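Listing of run-v7.tsv, TSV, C-alpha atoms
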```
chain	number	residue	atom	x	y	z
A	21	MET	CA	-17.38	63.88	71.07
A	22	ALA	CA	-21.00	64.90	71.24
A	23	GLY	CA	-21.91	61.23	71.27
A	24	ALA	CA	-20.31	60.69	74.67
A	25	GLN	CA	-23.59	60.46	76.52
A	26	ALA	CA	-22.92	59.33	80.02
A	27	PRO	CA	-25.96	57.98	81.84
A	28	ASP	CA	-25.37	60.15	84.86
A	29	GLY	CA	-26.21	63.36	83.03
A	30	TYR	CA	-23.05	65.09	84.11
A	31	SER	CA	-21.52	64.96	80.65
A	32	ALA	CA	-23.50	67.96	79.40
A	33	ARG	CA	-21.44	70.22	81.60
A	34	ARG	CA	-18.12	68.60	80.81
A	35	PRO	CA	-15.65	70.71	78.88
A	36	PRO	CA	-14.93	69.32	75.42
A	37	LEU	CA	-11.26	68.77	76.26
A	38	ILE	CA	-11.97	65.66	78.33
A	39	ARG	CA	-13.40	62.82	76.35
A	40	VAL	CA	-15.14	60.13	78.27
A	41	GLN	CA	-15.49	56.69	76.86
A	42	ARG	CA	-17.80	54.36	78.62
A	43	ASP	CA	-17.15	50.79	77.75
A	44	LYS	CA	-17.59	47.63	79.72
A	45	GLY	CA	-14.45	48.49	81.61
A	46	GLY	CA	-15.91	51.53	83.29
A	47	PRO	CA	-14.82	55.10	82.82
A	48	VAL	CA	-11.60	55.48	80.94
A	49	ILE	CA	-10.53	59.03	80.77
A	50	ASP	CA	-8.83	59.89	77.57
A	51	ASN	CA	-6.80	62.80	78.72
A	52	GLN	CA	-5.76	65.11	75.93
A	53	MET	CA	-4.95	68.11	78.06
A	54	PRO	CA	-1.62	68.31	79.90
A	55	ARG	CA	-2.24	67.89	83.60
A	56	ALA	CA	-0.17	70.90	84.64
A	57	THR	CA	-2.27	73.40	82.68
A	58	ALA	CA	-5.63	72.06	83.82
A	59	PRO	CA	-7.73	74.71	85.54
A	60	PRO	CA	-8.60	73.93	89.17
A	61	SER	CA	-12.19	72.92	88.47
A	62	ASP	CA	-10.90	70.30	86.04
A	63	VAL	CA	-8.55	68.97	88.65
A	64	LEU	CA	-11.50	68.46	90.99
A	65	ARG	CA	-13.59	66.85	88.26
A	66	ARG	CA	-10.74	64.55	87.33
A	67	LEU	CA	-10.37	63.60	90.96
A	68	LEU	CA	-14.01	62.57	90.96
A	69	GLU	CA	-13.72	60.62	87.72
A	70	ASP	CA	-10.42	58.98	88.56
A	71	ALA	CA	-11.82	57.60	91.79
A	72	VAL	CA	-11.36	53.99	90.65
A	73	ASP	CA	-7.68	53.41	90.31
A	74	ASP	CA	-6.75	53.55	86.67
A	75	ASP	CA	-4.86	50.35	87.37
A	76	TYR	CA	-8.07	48.34	87.42
A	77	SER	CA	-9.07	49.42	83.92
A	78	ALA	CA	-5.47	49.13	82.73
A	79	ALA	CA	-5.26	45.63	84.14
A	80	SER	CA	-8.58	44.63	82.58
A	81	ARG	CA	-7.42	45.97	79.21
A	82	ASN	CA	-4.25	43.92	79.55
A	83	ASP	CA	-6.27	40.83	80.42
A	84	ARG	CA	-8.47	41.28	77.41
A	85	GLN	CA	-5.44	41.70	75.16
A	86	LEU	CA	-3.96	38.51	76.53
A	87	GLY	CA	-7.27	36.75	76.18
A	88	ARG	CA	-7.64	36.09	79.89
A	89	PRO	CA	-11.13	36.31	81.32
A	90	ALA	CA	-11.79	39.04	83.83
A	91	LEU	CA	-11.29	37.70	87.31
A	92	GLN	CA	-14.46	37.57	89.31
A	93	ARG	CA	-13.52	35.55	92.39
A	94	PRO	CA	-11.29	37.12	94.99
A	95	THR	CA	-8.15	35.14	95.70
A	96	ALA	CA	-6.29	34.35	98.91
A	97	ALA	CA	-4.18	37.49	98.70
A	98	ALA	CA	-7.27	39.68	98.41
A	99	ILE	CA	-8.84	37.92	101.40
A	100	VAL	CA	-5.70	38.46	103.45
A	101	VAL	CA	-5.90	42.16	102.62
A	102	VAL	CA	-9.58	42.27	103.54
A	103	VAL	CA	-8.77	40.64	106.90
A	104	ALA	CA	-5.99	43.18	107.36
A	105	PHE	CA	-8.48	45.94	106.62
A	106	GLY	CA	-10.91	44.57	109.18
A	107	LEU	CA	-8.09	44.34	111.70
A	108	LEU	CA	-7.19	47.97	111.02
A	109	VAL	CA	-10.79	49.09	111.52
A	110	GLY	CA	-11.13	46.98	114.66
A	111	ILE	CA	-7.92	48.30	116.21
A	112	ALA	CA	-8.87	51.88	115.38
A	113	ALA	CA	-12.30	51.37	116.93
A	114	GLY	CA	-10.74	49.79	120.01
A	115	GLN	CA	-8.27	52.66	120.30
A	116	ALA	CA	-11.02	55.26	120.00
A	117	ARG	CA	-13.09	53.40	122.62
A	118	SER	CA	-10.26	52.99	125.14
A	119	GLY	CA	-8.85	56.46	124.43
A	120	ALA	CA	-12.05	58.38	125.22
A	121	PRO	CA	-12.44	57.36	128.88
A	122	GLN	CA	-8.71	57.95	129.36
A	123	GLU	CA	-9.13	61.57	128.26
A	124	ALA	CA	-12.21	62.01	130.42
A	125	ARG	CA	-10.30	60.61	133.40
A	126	GLU	CA	-7.40	62.97	132.83
A	127	ARG	CA	-9.73	65.93	132.47
A	128	SER	CA	-11.62	65.19	135.66
A	129	ALA	CA	-8.31	64.65	137.47
A	130	LEU	CA	-7.23	68.11	136.29
A	131	PHE	CA	-10.52	69.60	137.46
A	132	ASP	CA	-10.02	67.98	140.85
A	133	ARG	CA	-6.55	69.47	141.11
A	134	ILE	CA	-7.83	72.93	140.14
A	135	GLU	CA	-10.57	72.74	142.76
A	136	THR	CA	-8.13	71.55	145.43
A	137	ARG	CA	-5.79	74.43	144.65
A	138	GLN	CA	-8.66	76.93	144.66
A	139	ASP	CA	-9.71	75.65	148.09
A	140	THR	CA	-6.12	75.98	149.30
A	141	ILE	CA	-5.97	79.55	148.00
A	142	ALA	CA	-9.24	80.45	149.71
A	143	ALA	CA	-8.06	78.91	153.00
A	144	LEU	CA	-4.70	80.70	152.83
A	145	THR	CA	-6.36	84.03	151.99
A	146	SER	CA	-8.70	83.84	154.96
A	147	ARG	CA	-5.83	82.73	157.19
A	148	SER	CA	-3.76	85.71	156.01
A	149	GLU	CA	-6.63	88.10	156.76
A	150	GLU	CA	-7.04	86.53	160.19
A	151	LEU	CA	-3.33	86.94	160.95
A	152	ARG	CA	-3.38	90.54	159.71
A	153	LEU	CA	-6.16	91.39	162.16
A	154	GLN	CA	-4.27	89.54	164.89
A	155	ILE	CA	-1.15	91.62	164.18
A	156	LEU	CA	-3.13	94.84	164.34
A	157	GLY	CA	-4.65	93.77	167.66
A	158	MET	CA	-1.25	92.80	169.07
A	159	GLN	CA	0.25	96.09	167.88
A	160	GLY	CA	-2.53	97.92	169.68
A	161	SER	CA	-2.14	95.99	172.94
A	162	ALA	CA	1.65	95.98	172.85
A	163	THR	CA	1.88	99.74	172.49
A	164	GLU	CA	-0.67	100.53	175.18
A	165	GLY	CA	0.85	102.68	177.88
A	166	ASN	CA	4.13	102.90	176.02
A	167	GLN	CA	4.51	106.40	174.60
A	168	ARG	CA	7.48	105.57	172.40
A	169	ALA	CA	5.75	102.56	170.85
A	170	GLU	CA	2.55	104.54	170.32
A	171	ASP	CA	4.52	107.24	168.51
A	172	LEU	CA	6.19	104.63	166.35
A	173	LEU	CA	2.87	103.05	165.47
A	174	ALA	CA	1.40	106.44	164.56
A	175	GLY	CA	4.44	107.16	162.40
A	176	LEU	CA	4.05	103.78	160.72
A	177	THR	CA	0.39	104.46	159.99
A	178	THR	CA	1.22	107.82	158.44
A	179	ALA	CA	4.00	106.31	156.37
A	180	ARG	CA	1.75	103.52	155.13
A	181	THR	CA	-0.96	106.01	154.22
A	182	LEU	CA	1.44	108.33	152.43
A	183	THR	CA	3.19	105.65	150.45
A	184	GLY	CA	-0.01	104.03	149.29
A	185	ALA	CA	0.53	100.84	151.31
A	186	ALA	CA	-2.73	101.19	153.20
A	187	THR	CA	-6.33	101.61	152.10
A	188	VAL	CA	-7.40	105.20	152.62
A	189	VAL	CA	-10.86	106.74	152.89
A	190	GLY	CA	-11.74	110.39	152.64
A	191	PRO	CA	-13.38	113.21	150.69
A	192	GLY	CA	-11.91	114.56	147.48
A	193	VAL	CA	-12.50	114.89	143.76
A	194	GLU	CA	-13.23	112.44	141.01
A	195	ILE	CA	-12.03	113.46	137.56
A	196	THR	CA	-13.13	111.68	134.39
A	197	ALA	CA	-10.83	112.06	131.40
A	198	ASP	CA	-11.51	110.43	128.07
A	199	ASP	CA	-10.56	110.53	124.40
A	200	ALA	CA	-12.52	112.88	122.15
A	201	PRO	CA	-15.64	111.23	120.66
A	202	ARG	CA	-14.77	108.97	117.75
A	203	GLY	CA	-14.62	110.65	114.35
A	204	GLN	CA	-14.67	114.12	115.82
A	205	SER	CA	-10.93	114.57	115.75
A	206	GLY	CA	-7.76	112.86	114.60
A	207	PRO	CA	-4.96	111.31	116.60
A	208	GLU	CA	-4.60	114.44	118.75
A	209	GLY	CA	-8.00	113.61	120.29
A	210	LYS	CA	-6.49	110.83	122.41
A	211	VAL	CA	-5.46	111.03	126.05
A	212	LEU	CA	-1.68	110.56	126.24
A	213	ASP	CA	0.46	109.48	129.16
A	214	VAL	CA	1.82	113.05	129.46
A	215	ASP	CA	-1.74	114.36	129.77
A	216	LEU	CA	-2.36	112.08	132.74
A	217	GLN	CA	1.06	112.99	134.17
A	218	VAL	CA	0.30	116.75	134.17
A	219	LEU	CA	-3.16	116.01	135.55
A	220	VAL	CA	-1.80	114.01	138.50
A	221	ASN	CA	0.97	116.54	139.02
A	222	GLY	CA	-1.65	119.29	139.20
A	223	LEU	CA	-3.59	117.28	141.78
A	224	TRP	CA	-0.49	116.86	144.01
A	225	GLN	CA	0.14	120.58	143.59
A	226	ALA	CA	-3.45	121.35	144.61
A	227	GLY	CA	-2.98	119.38	147.84
A	228	ALA	CA	-4.11	115.85	147.04
A	229	GLU	CA	-2.97	113.29	149.61
A	230	ALA	CA	-3.70	110.08	147.74
A	231	VAL	CA	-4.36	109.51	144.03
A	232	ALA	CA	-5.55	106.50	142.06
A	233	ILE	CA	-6.12	106.14	138.32
A	234	ASN	CA	-8.78	103.60	137.36
A	235	GLY	CA	-8.31	102.03	140.79
A	236	ASN	CA	-4.52	101.87	140.56
A	237	ARG	CA	-3.15	103.70	143.59
A	238	LEU	CA	-0.08	105.80	142.93
A	239	SER	CA	2.84	104.91	145.19
A	240	PRO	CA	6.16	106.78	145.28
A	241	LEU	CA	7.42	104.19	142.77
A	242	SER	CA	4.49	104.33	140.35
A	243	ALA	CA	5.04	105.56	136.82
A	244	ILE	CA	2.41	106.73	134.33
A	245	ARG	CA	3.66	105.74	130.92
A	246	THR	CA	2.65	104.43	127.54
A	247	ALA	CA	3.37	100.76	126.91
A	248	GLY	CA	2.35	99.59	123.47
A	249	ARG	CA	-0.99	101.20	122.71
A	250	ALA	CA	-2.20	101.62	126.28
A	251	ILE	CA	-1.31	103.80	129.23
A	252	THR	CA	0.17	101.74	132.05
A	253	VAL	CA	0.11	102.48	135.75
A	254	ASN	CA	1.73	100.08	138.23
A	255	TYR	CA	2.37	97.76	135.26
A	256	ARG	CA	-1.37	97.46	134.64
A	257	SER	CA	-2.74	98.59	131.28
A	258	LEU	CA	-5.59	101.06	131.48
A	259	SER	CA	-8.36	101.65	129.00
A	260	PRO	CA	-10.31	104.90	128.65
A	261	PRO	CA	-12.24	106.51	130.23
A	262	TYR	CA	-9.64	107.31	132.88
A	263	ILE	CA	-11.11	107.98	136.29
A	264	ILE	CA	-8.71	109.78	138.60
A	265	GLU	CA	-9.68	109.78	142.26
A	266	ALA	CA	-7.86	112.12	144.60
A	267	ILE	CA	-8.35	112.54	148.32
A	268	GLY	CA	-7.87	116.05	149.69
A	269	ASP	CA	-9.67	119.09	151.09
A	270	PRO	CA	-13.13	118.89	149.51
A	271	GLN	CA	-13.55	122.69	149.76
A	272	THR	CA	-10.40	123.72	147.93
A	273	LEU	CA	-8.97	120.78	146.00
A	274	GLN	CA	-11.14	121.17	142.91
A	275	ALA	CA	-10.76	124.94	142.65
A	276	ARG	CA	-7.04	124.90	143.30
A	277	PHE	CA	-6.52	122.15	140.75
A	278	ILE	CA	-8.08	124.25	137.99
A	279	GLU	CA	-5.62	127.01	138.88
A	280	THR	CA	-2.58	124.74	138.45
A	281	PRO	CA	-0.73	124.40	135.10
A	282	GLY	CA	-2.07	120.86	134.96
A	283	GLY	CA	-5.66	122.02	135.30
A	284	GLN	CA	-5.11	124.78	132.74
A	285	ALA	CA	-3.56	122.31	130.32
A	286	TRP	CA	-6.62	120.09	130.62
A	287	LEU	CA	-9.07	122.95	130.09
A	288	ASP	CA	-7.08	123.72	126.98
A	289	LEU	CA	-7.21	120.10	125.81
A	290	ALA	CA	-10.97	119.98	126.38
A	291	THR	CA	-11.67	123.21	124.43
A	292	ASN	CA	-9.25	122.74	121.56
A	293	PHE	CA	-9.22	118.99	120.99
A	294	GLY	CA	-12.59	117.89	122.34
A	295	LEU	CA	-11.15	115.64	125.08
A	296	ARG	CA	-13.64	114.79	127.78
A	297	PHE	CA	-12.80	116.35	131.14
A	298	GLU	CA	-15.24	116.25	134.03
A	299	SER	CA	-14.49	117.07	137.62
A	300	ASP	CA	-16.80	116.26	140.54
A	301	SER	CA	-16.33	116.56	144.23
A	302	ALA	CA	-16.88	113.35	146.17
A	303	ASP	CA	-17.88	112.97	149.82
A	304	SER	CA	-16.21	109.66	150.38
A	305	LEU	CA	-13.59	107.96	148.24
A	306	THR	CA	-11.94	104.65	149.06
A	307	LEU	CA	-8.53	104.05	147.51
A	308	ALA	CA	-7.09	100.54	147.73
A	309	PRO	CA	-3.36	100.07	148.38
A	310	ALA	CA	-0.84	99.91	145.55
A	311	PRO	CA	0.37	96.41	144.61
A	312	ALA	CA	3.22	95.08	146.76
A	313	PRO	CA	5.96	95.24	144.04
A	314	ARG	CA	5.35	99.04	143.79
A	315	LEU	CA	6.18	99.37	147.49
A	316	LEU	CA	9.37	97.31	147.52
A	317	ILE	CA	12.59	99.12	148.31
A	318	ARG	CA	15.88	97.36	147.55
A	319	TYR	CA	18.61	100.01	147.47
A	320	ALA	CA	17.51	103.04	149.48
A	321	GLN	CA	18.47	102.70	153.16
A	322	ARG	CA	17.38	104.78	156.09
A	323	GLN	CA	20.08	106.91	157.69
A	324	GLY	CA	19.94	108.09	161.25
A	325	GLU	CA	17.27	107.68	163.90
A	326	LEU	CA	13.61	107.26	163.22
A	327	PRO	CA	11.83	110.59	163.73
B	13	MET	CA	-19.13	35.86	100.89
B	14	ILE	CA	-15.63	34.87	101.92
B	15	PRO	CA	-14.36	38.47	101.89
B	16	VAL	CA	-17.27	39.54	104.11
B	17	ILE	CA	-16.44	36.77	106.59
B	18	GLY	CA	-12.80	37.81	106.42
B	19	LEU	CA	-13.76	41.41	107.15
B	20	LEU	CA	-15.86	40.39	110.15
B	21	VAL	CA	-13.09	38.12	111.46
B	22	GLY	CA	-10.62	40.99	111.13
B	23	ILE	CA	-12.85	43.47	112.94
B	24	ALA	CA	-13.60	40.97	115.71
B	25	ALA	CA	-9.91	40.18	116.11
B	26	GLY	CA	-9.02	43.87	116.25
B	27	LEU	CA	-11.73	44.61	118.80
B	28	PHE	CA	-11.34	41.66	121.14
B	29	LEU	CA	-7.65	40.84	120.95
B	30	ASP	CA	-7.02	44.60	121.27
B	31	PRO	CA	-3.41	44.44	120.06
B	32	SER	CA	-1.37	47.29	121.45
B	33	VAL	CA	-0.29	49.78	118.79
B	34	PRO	CA	3.10	51.44	119.38
B	35	VAL	CA	2.59	54.99	120.60
B	36	ALA	CA	4.66	56.34	117.69
B	37	LEU	CA	2.26	54.77	115.19
B	38	GLN	CA	-1.00	55.74	116.90
B	39	PRO	CA	-1.46	59.12	115.13
B	40	TYR	CA	-1.29	57.39	111.75
B	41	LEU	CA	-3.93	54.75	112.47
B	42	PRO	CA	-7.01	56.85	111.61
B	43	ILE	CA	-5.47	58.11	108.37
B	44	ALA	CA	-4.45	54.54	107.48
B	45	VAL	CA	-8.06	53.45	108.02
B	46	VAL	CA	-9.35	56.19	105.70
B	47	ALA	CA	-6.77	55.26	103.05
B	48	ALA	CA	-7.72	51.59	103.39
B	49	LEU	CA	-11.41	52.49	103.06
B	50	ASP	CA	-10.62	54.23	99.78
B	51	ALA	CA	-8.82	51.15	98.44
B	52	VAL	CA	-11.63	48.85	99.58
B	53	PHE	CA	-14.42	50.93	98.01
B	54	GLY	CA	-12.36	51.28	94.84
B	55	ALA	CA	-12.05	47.49	94.75
B	56	LEU	CA	-15.76	47.01	95.38
B	57	ARG	CA	-16.59	49.38	92.54
B	58	ALA	CA	-14.16	47.60	90.22
B	59	TYR	CA	-15.68	44.27	91.25
B	60	LEU	CA	-19.16	45.51	90.34
B	61	ASP	CA	-17.78	46.93	87.11
B	62	GLY	CA	-16.41	43.47	86.42
B	63	ILE	CA	-12.80	44.55	86.24
B	64	PHE	CA	-11.63	43.49	89.69
B	65	ASP	CA	-8.05	42.32	89.86
B	66	ASP	CA	-6.66	40.92	93.09
B	67	LYS	CA	-3.11	42.04	92.34
B	68	VAL	CA	-4.22	45.61	91.79
B	69	PHE	CA	-6.31	45.42	94.97
B	70	VAL	CA	-3.44	44.18	97.16
B	71	ILE	CA	-0.99	46.68	95.77
B	72	SER	CA	-3.37	49.64	95.89
B	73	PHE	CA	-4.37	48.78	99.47
B	74	VAL	CA	-0.81	48.54	100.75
B	75	SER	CA	0.43	51.56	98.84
B	76	ASN	CA	-2.59	53.68	99.86
B	77	VAL	CA	-2.04	52.95	103.55
B	78	VAL	CA	1.72	53.38	103.39
B	79	ILE	CA	1.62	56.58	101.31
B	80	ALA	CA	-1.11	58.20	103.44
B	81	ALA	CA	0.84	57.42	106.61
B	82	LEU	CA	4.07	58.65	105.01
B	83	ILE	CA	2.51	61.95	103.93
B	84	VAL	CA	1.22	62.58	107.42
B	85	TYR	CA	4.54	61.53	108.94
B	86	LEU	CA	6.35	63.94	106.62
B	87	GLY	CA	3.87	66.66	107.55
B	88	ASP	CA	4.50	66.00	111.24
B	89	GLN	CA	8.22	66.36	110.70
B	90	LEU	CA	7.68	69.64	108.83
B	91	GLY	CA	5.21	70.94	111.39
B	92	VAL	CA	2.21	70.89	109.05
B	93	GLY	CA	0.90	67.45	110.04
B	94	GLY	CA	-2.60	68.71	110.79
B	95	GLN	CA	-2.99	70.50	107.46
B	96	LEU	CA	-1.55	67.60	105.49
B	97	SER	CA	-3.82	65.06	107.18
B	98	THR	CA	-6.77	67.33	106.37
B	99	GLY	CA	-5.64	67.40	102.74
B	100	VAL	CA	-5.24	63.62	102.62
B	101	ILE	CA	-8.66	63.10	104.20
B	102	VAL	CA	-10.32	65.56	101.79
B	103	VAL	CA	-8.84	63.86	98.72
B	104	LEU	CA	-9.59	60.34	99.97
B	105	GLY	CA	-13.04	61.46	101.13
B	106	ILE	CA	-13.94	62.74	97.65
B	107	ARG	CA	-12.73	59.47	96.13
B	108	ILE	CA	-14.68	57.40	98.65
B	109	PHE	CA	-17.84	59.41	97.98
B	110	SER	CA	-17.66	59.06	94.21
B	111	ASN	CA	-16.83	55.37	94.50
B	112	VAL	CA	-19.76	54.79	96.82
B	113	ALA	CA	-21.96	56.77	94.40
B	114	ALA	CA	-20.86	54.45	91.57
B	115	ILE	CA	-21.54	51.39	93.75
B	116	ARG	CA	-24.95	52.80	94.60
B	117	ARG	CA	-25.71	53.24	90.89
B	118	HIS	CA	-24.71	49.61	90.31
B	119	VAL	CA	-26.74	48.22	93.19
B	120	PHE	CA	-29.91	50.34	93.01
B	121	HIS	CA	-29.65	51.45	89.39
B	122	ALA	CA	-30.32	54.95	90.62
```
Before anything else, please render the file you have as structure tokens.
Amino acid sequence: MAGAQAPDGYSARRPPLIRVQRDKGGPVIDNQMPRATAPPSDVLRRLLEDAVDDDYSAASRNDRQLGRPALQRPTAAAIVVVVAFGLLVGIAAGQARSGAPQEARERSALFDRIETRQDTIAALTSRSEELRLQILGMQGSATEGNQRAEDLLAGLTTARTLTGAATVVGPGVEITADDAPRGQSGPEGKVLDVDLQVLVNGLWQAGAEAVAINGNRLSPLSAIRTAGRAITVNYRSLSPPYIIEAIGDPQTLQARFIETPGGQAWLDLATNFGLRFESDSADSLTLAPAPAPRLLIRYAQRQGELP
Amino acid sequence: MIPVIGLLVGIAAGLFLDPSVPVALQPYLPIAVVAALDAVFGALRAYLDGIFDDKVFVISFVSNVVIAALIVYLGDQLGVGGQLSTGVIVVLGIRIFSNVAAIRRHVFHA
């Protein structure tokens, strides 16, 4: 066992269970350990040692037993296989060569299509803006001198402002609400959907005319709710800090809000649970319209004359 | 000498005739090449060891290619084609490396 000195120097680290004989026929592994119980490192080592198919050494042993000389010249069958191997390599190389430009062509075609579509989108967007301005101009000129039409247009403007369909600008307050600093409190230190609901309710109560949370304008159809782990407004997930912008009387809105149950609830949350709550008056807030699906009415129908 | 010429003829034929491979077989071509490489290096090592046997070579070549392709095909059917081809390539790669190392020892005595 100890005499199995392989020239490669690896044998020193071999476990004694595998005996390696080196004879003229190359490595012949005399396997005394059942394969199934071999530890993983032995499996790897065996893989390395078994690299030459055992068949070659088995065949050469057979030959020697039968007294046949070891074959040194490759025969026709071996040459056929070698040619087949070359063919395989050649075809694979050809495939790889012809496949690469194909992929590049497809990719650049896709890029072209993306760019074309992006151009189309840009063109359509500017066209839509152009038409919107045209409509506004035509509304203005069509209603000139017509009291009824002017009233209707004014009513429409009010309705669009109220429902969150139009961009509005004005003074108001900006409230920042955030979870308590990390590690300072447990799960009760998080802003919940109900917290934002009472906050917004307090703002309406204090006289706010338009409200947006993190840029999501509240329409009559907007809900503030928890979906998964985030608070969702207008089907858009929000992440803290929550910035609530409200347009209203800059003199009274902030003070009146603190007086409302919503404001009181938030003061309570800030003192007892460490939630961040900052309120600042703002000279000019711009609230973008709510997304179109939040303004769509399908069932409610108007009854009677327009006011 | 003759096998080397055969190899070159095969490569040239594959490259220039560019035979079309059926689309269904195309994913198995690279793995077949790796399996064939293993058989060829094993044969070369056996040749240098003086125990080359053409019957063993032919059979090991064909069975290597067929079995490698079959394993990958089976993997594709089971939805683990990528993992199985990685496994096949790792095993064959280790064998190729140790065979080439043995050939290197024969040729350079180092």
Would you tabulate, counting all atoms listed in the file, all residues of chain B that have an atom at most 9 Å from an atom of chain A, showing the closest pair of atoms and their distance in Å to one decimal, sorted by chain then ascending number, as CSV?
```
residue,atom,partner,partner_atom,distance
B:Ile14,CA,A:Ile99,CA,7.5
B:Pro15,CA,A:Ile99,CA,5.6
B:Val16,CA,A:Val102,CA,8.2
B:Ile17,CA,A:Val103,CA,8.6
B:Gly18,CA,A:Val103,CA,4.9
B:Leu19,CA,A:Gly106,CA,4.7
B:Leu20,CA,A:Gly106,CA,6.6
B:Val21,CA,A:Val103,CA,6.8
B:Gly22,CA,A:Gly106,CA,4.1
B:Ile23,CA,A:Gly110,CA,4.3
B:Ala24,CA,A:Gly110,CA,6.6
B:Ala25,CA,A:Leu107,CA,6.3
B:Gly26,CA,A:Gly110,CA,4.1
B:Leu27,CA,A:Gly110,CA,4.8
B:Phe28,CA,A:Gly114,CA,8.2
B:Leu29,CA,A:Ile111,CA,8.8
B:Asp30,CA,A:Ile111,CA,6.3
B:Pro31,CA,A:Ile111,CA,7.1
B:Ser32,CA,A:Ile111,CA,8.4
B:Val33,CA,A:Ile111,CA,8.2
B:Gln38,CA,A:Gln115,CA,8.6
B:Leu41,CA,A:Ala112,CA,6.4
B:Pro42,CA,A:Ala112,CA,6.5
B:Ala44,CA,A:Leu108,CA,8.0
B:Val45,CA,A:Val109,CA,6.2
B:Ala48,CA,A:Phe105,CA,6.6
B:Leu49,CA,A:Phe105,CA,8.0
B:Asp50,CA,A:Ala71,CA,8.8
B:Ala51,CA,A:Asp73,CA,8.5
B:Val52,CA,A:Val102,CA,7.9
B:Phe53,CA,A:Val72,CA,8.5
B:Gly54,CA,A:Val72,CA,5.1
B:Ala55,CA,A:Val72,CA,7.7
B:Arg57,CA,A:Val72,CA,7.2
B:Ala58,CA,A:Tyr76,CA,6.7
B:Tyr59,CA,A:Gln92,CA,7.1
B:Asp61,CA,A:Gly46,CA,6.3
B:Gly62,CA,A:Gln92,CA,6.9
B:Ile63,CA,A:Ser80,CA,5.6
B:Phe64,CA,A:Leu91,CA,6.3
B:Asp65,CA,A:Leu91,CA,6.2
B:Asp66,CA,A:Ala98,CA,5.5
B:Lys67,CA,A:Ala98,CA,7.7
B:Val68,CA,A:Tyr76,CA,6.4
B:Phe69,CA,A:Ala98,CA,6.8
B:Val70,CA,A:Ala98,CA,6.0
B:Ser72,CA,A:Asp73,CA,8.0
B:Phe73,CA,A:Val101,CA,7.5
B:Val74,CA,A:Val101,CA,8.4
B:Val103,CA,A:Leu67,CA,7.9
B:Leu104,CA,A:Ala71,CA,8.9
B:Ile106,CA,A:Leu68,CA,6.7
B:Arg107,CA,A:Ala71,CA,4.8
B:Ile108,CA,A:Ala71,CA,7.4
B:Phe109,CA,A:Leu68,CA,8.6
B:Ser110,CA,A:Leu68,CA,6.0
B:Asn111,CA,A:Ala71,CA,6.1
```
In Å, how far is it from atom CA of Ala308 of chain A to atom CA of Thr177 of chain A?
->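 Between these atoms lies a distance of 14.9 Å.
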Measure the distance from atom CA of Asn254 of chain A to atom CA of Arg237 of chain A in Å and round it to one decimal.
-> 8.1 Å
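Among the candidates A:Gln217, A:Asn234, A:Ser148, A:Thr140, the one nearest to Ala285 of chain A when counting only C-alpha atoms is A:Gln217.
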For atom CA of Gln138 of chain A and atom CA of Ala232 of chain A, the interatomic separation in Å (one decimal) |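 Those two atoms sit 29.8 Å apart.
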Box centre and edge lengths (Å, one decimal), axis-aligned, segment 74-90 of chain B plus 8 Å each side, as JSON:
```
{"center_x": 2.8, "center_y": 59.1, "center_z": 105.0, "size_x": 26.8, "size_y": 37.1, "size_z": 28.4}
```
Could you tell me which of B:Gly93, B:Thr98, B:Leu56, B:Val77 comes closest to Ile115 of chain B if we count only C-alpha atoms?
-> B:Leu56
Within 9 Å of Val100 of chain B, counting all atoms listed in the file, which residues show up once you throw out same-chain ones fewer than 2 positions away? Write them as JSON, numbers by chain, please.
-> {"B": [43, 47, 80, 83, 84, 95, 96, 97, 98, 102, 103, 104, 105]}
Which polymer residues have any atom within 8 Å of an atom of Pro240 of chain A, counting only C-alpha atoms, with same-chain residues fewer than 6 positions away left out, as a list in words?
-> Thr183, Gly184, Arg314 and Leu315 of chain A
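Among A:Glu208, A:Asp300, A:Glu164, A:Asp215, the residue with the shortest atom-to-atom distance to Ala275 of chain A, counting only C-alpha atoms, is A:Asp300.
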Minimum-distance residue to Ala243 of chain A, chosen among A:Ala320, A:Ala310, A:Leu156, A:Leu173 (using all atoms listed in the file) = A:Ala310
